[in-house]
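Okay, structure first, notes after.
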Amino acid sequence: MSYTAATVQLLSPEGELVENDLSAPYLPIIEKLDEARLLDFHRQMVVIRRFDIEAGNLQRQGQLALWIPSLGQEAAQVGSGYAARPQDHIFPAYREHAVGRIRGLDLMRIMEMLRGLSHGGWVPEQTGNFHLYTLVIGSQSLHATGYAMGIALDGASGTGDPERDAAVLVYYGDGASSQGDVSEALIFAASYQTPEVFFLQNNHWAISVPVERQSRTPLYLRAAGFGIPSVQIDGNDVLASYAVTSSVLDEARSGAGPRFIEALTYRMGAHTSSDDPTKYRENEEVAFWSERDAITRFETYLRGRGVGDDFFHEVATEAEDLAADIRAKTLVLGSPPSSKIFAHVYSEPHPVMDAQRDWLAEYESSFEESAG
Amino acid sequence: MTEVLTLAKAINEGLRRAMADDDRVLMMGEDIGTLGGVFRVTEGLKTEFGENRVLDTPLAESGIVGTAIGLAMRGYRPVCEIQFDGFIFPGFDQITSQLAKLTYRNEGNQTFPVVIRVPYGGHIGAVEHHQESPEAYFAHTPGLRVVSPATPQDGYTMIQQAIRSNDPVLFFEPKSRYWQKGDVDRDAEPAALHASRVVRLGTEVTLIGHGAMVSVLLQAAEIAAAEGTSLEVIDVRSLSPIDYAPIIASAQKTGRVVVAQEAPGSVSVGSEIAATIAERAFYSLEAPVLRVAGFDTPFPPAKLESNYLPDADRVLEAVDRALAY
């Protein structure tokens, strides 16, 4: 399943602007962007790819329990991530490292989680409303929809003030599309006309099962069955991702109801570090998508606009510096105290937690005494 | 002022007061608005508080619980109604994998004050999936609080306490008791939400149960008293956490304990109570702690429910066995 006649593409794989009926409504959004923002797009994509490689290496060196690569999906994430306004809320799945970084998440929180020090634990109020990763596939779609219901109930959308109106942007994938929760989220979103954008990254593989097994129809067409307008975009085109997400987020914030984007992209790497994609997919397919890479085409576009080597060198240096910083910080991460086992199971005092925490502390300290 | 209310009406009044006290309290569920719920527990609330406070939802339990989680993140205090006990399982994943764990995952940075009301248990002659007692699944799940009122007074006060809790609460309503009347004092000083309570004093055997079983135990104690045997009855009220102090004190006093429940007995709340009594009151016991429970079968067709559900006679049979040691 590749691009279709309905796929919105603003930047071709050759790095040239696409001018056709599908792109026409969105090109003005790109024309309004200043040069600095375009450079941000590139910077974020390059840096997050370098981060991804470094984290994968750290996993292979035994420093992480697991790594979840985002390789190949940078444009879908960076474009949509920049499209969200500060007041919007982001509900990621677990691969949206670039979106988290754009919203202000310290990438070390992800490293700590995948090293086994936490289950996430970041505070959305401090991470640009970027909520926690959710590992049960598709569950976050309902949380996002409930949150969007709350925004609507609060009168925090649909006022006509674009600086104040908020929306929810929720990410999931082609595999999650088969989950009941995602269907229920679409139903509730339509029922309550939530200010919400469903951003489906179709990376073509749910671990080893291809999207063709998940759906006999292009996934964006499913939205119509729920009464939700949808668009299919080239998810490796950062301009399409930005412009279309901006446009439908504006609609959602305005009170027009939920919207749906299917971003066609490709998981260039493994599902996680535990996966071996050579067992189930062909090199030809990987090569096909490699030729449609997000970063390559955007660099070509920027160079065509006159951006010079200095910028690309600077970005490469920034990426190397970030990778080195992540490595250094990861290597010195300690272990949490055993009392963390019992912390925040409940938000209010609980006799079982108190008793078991105290018992474990006493049990563990008994070894210290006997050793001493 | 004391008035006489049914359990259903008492819970209804408790919900009404909670909604009046805090405008972030929302009702969500299937048929709870215009219809007032299939048991009418939410009757009148939509009229009084409007459709933005009482949400008739699509027919999807995972959707109800999952969106309630999102609403809680936004600062609301949703009260979800699951129409019948056996229909909670489509929402099980959102309850156990998400709602129960989110405070932990968030390291306390967000709380999830979500109440899930579940009409549960048998005695109403209903079809499959409408008479079950699934409390143990939730009492087994860290992060949840699980309570069950046995009287109109507790229905009125405990639902308000559950809504005020910043942790998720599973609220199991004994549906066979919905139409039973009892005194409700709206101004009474409430017992703690998680306190168990001795509801009949006795000396020879302690009977322990919750929900609809409490009235069965009281009936058994009445019959036994007429025959000269003194039974103490404890209403557990809270299945997670369980308040063991009154339970252990009673076991130490009588030395004989029967734990009764409608749910299948294996790996049940009753099993846990029995094990804990054995751990903490071993030297006081004159007999093993005995369980009286539903059989380890699916809930049978309704014509067999009186053979399946523990009644006063089954409880007294266990009392006789305990006394025989």
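Following the order of the structure tokens, first chain is A, next is B, and so on, with residues numbered from 1 inside each chain and ligands from 1 in the order they appear.
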* To do: Report as a PyMOL selection string the set of chain A residues whose atoms approach chain B to within 7 Å, with distances computed over only C-alpha atoms.
  => chain A and resi 119-123+142-147+149-150+153+181+184-185+188+344-347
* Asked: So which residues touch region 121-138 of chain B within 7 Å, counting only C-alpha atoms, skipping near sequence neighbours fewer than 3 positions away, as number ranges by chain?
  -> B: 84-87, 141, 144, 146, 174-176, 262-263, 268-269, 299, 301-302, 305
Do a neighbour search on Pro210 (chain A) at 12 Å with only C-alpha atoms, toss out local chain neighbours closer than 6 positions, and write the hits as an mmCIF file with N, CA and C atoms, in the first residue's frame.
data_model
loop_
_atom_site.group_PDB
_atom_site.id
_atom_site.type_symbol
_atom_site.label_atom_id
_atom_site.label_comp_id
_atom_site.auth_asym_id
_atom_site.auth_seq_id
_atom_site.Cartn_x
_atom_site.Cartn_y
_atom_site.Cartn_z
ATOM 1 N N MET A 1 0.853 -1.192 0.000
ATOM 2 C CA MET A 1 0.000 0.000 0.000
ATOM 3 C C MET A 1 0.885 1.237 0.000
ATOM 4 N N GLY A 173 -1.171 4.096 15.101
ATOM 5 C CA GLY A 173 -0.645 3.543 13.862
ATOM 6 C C GLY A 173 -1.606 2.617 13.149
ATOM 7 N N ASP A 174 -1.079 2.016 12.072
ATOM 8 C CA ASP A 174 -1.912 1.114 11.290
ATOM 9 C C ASP A 174 -2.309 -0.105 12.108
ATOM 10 N N GLY A 175 -1.422 -0.606 12.936
ATOM 11 C CA GLY A 175 -1.786 -1.753 13.772
ATOM 12 C C GLY A 175 -2.893 -1.391 14.742
ATOM 13 N N ASN A 202 0.601 5.535 9.209
ATOM 14 C CA ASN A 202 0.601 4.213 8.583
ATOM 15 C C ASN A 202 2.028 3.926 8.149
ATOM 16 N N ASN A 203 2.754 3.190 9.016
ATOM 17 C CA ASN A 203 4.148 2.861 8.672
ATOM 18 C C ASN A 203 4.240 1.480 8.032
ATOM 19 N N HIS A 204 3.081 0.948 7.693
ATOM 20 C CA HIS A 204 2.954 -0.246 6.858
ATOM 21 C C HIS A 204 3.186 -1.575 7.564
ATOM 22 N N ARG A 216 -8.595 -3.855 4.399
ATOM 23 C CA ARG A 216 -8.798 -4.062 2.968
ATOM 24 C C ARG A 216 -9.068 -2.746 2.262
ATOM 25 N N TYR A 266 6.837 5.016 6.456
ATOM 26 C CA TYR A 266 7.396 3.665 6.477
ATOM 27 C C TYR A 266 8.338 3.515 7.662
ATOM 28 N N ARG A 267 8.177 2.404 8.347
ATOM 29 C CA ARG A 267 9.056 2.103 9.473
ATOM 30 C C ARG A 267 10.347 1.534 8.908
ATOM 31 N N PRO A 277 13.202 -7.422 11.266
ATOM 32 C CA PRO A 277 12.339 -7.291 10.087
ATOM 33 C C PRO A 277 12.824 -8.072 8.869
ATOM 34 N N TYR A 280 10.532 -10.955 7.657
ATOM 35 C CA TYR A 280 9.176 -10.851 7.101
ATOM 36 C C TYR A 280 8.998 -9.818 5.992
ATOM 37 N N ARG A 281 10.036 -9.064 5.635
ATOM 38 C CA ARG A 281 9.786 -8.126 4.542
ATOM 39 C C ARG A 281 10.957 -8.064 3.574
ATOM 40 N N GLU A 282 10.660 -7.551 2.391
ATOM 41 C CA GLU A 282 11.607 -7.623 1.284
ATOM 42 C C GLU A 282 12.471 -6.367 1.211
ATOM 43 N N GLU A 285 11.103 -3.434 -0.903
ATOM 44 C CA GLU A 285 10.148 -2.505 -0.296
ATOM 45 C C GLU A 285 10.891 -1.441 0.516
#
* To do: Skip region 321-337 of chain A itself and residues of its chain fewer than 5 positions away, then list as a count of residues only all residues within 12 Å of it, counting only C-alpha atoms.
  => 43
* For Val307 (chain A), list every protein, DNA or RNA residue within 12 Å, evaluated using only C-alpha atoms, and leave out those in the same chain fewer than 4 positions away; present the list as a ChimeraX atom specification. => /A:35-36,38-39,42,298-303,311-314
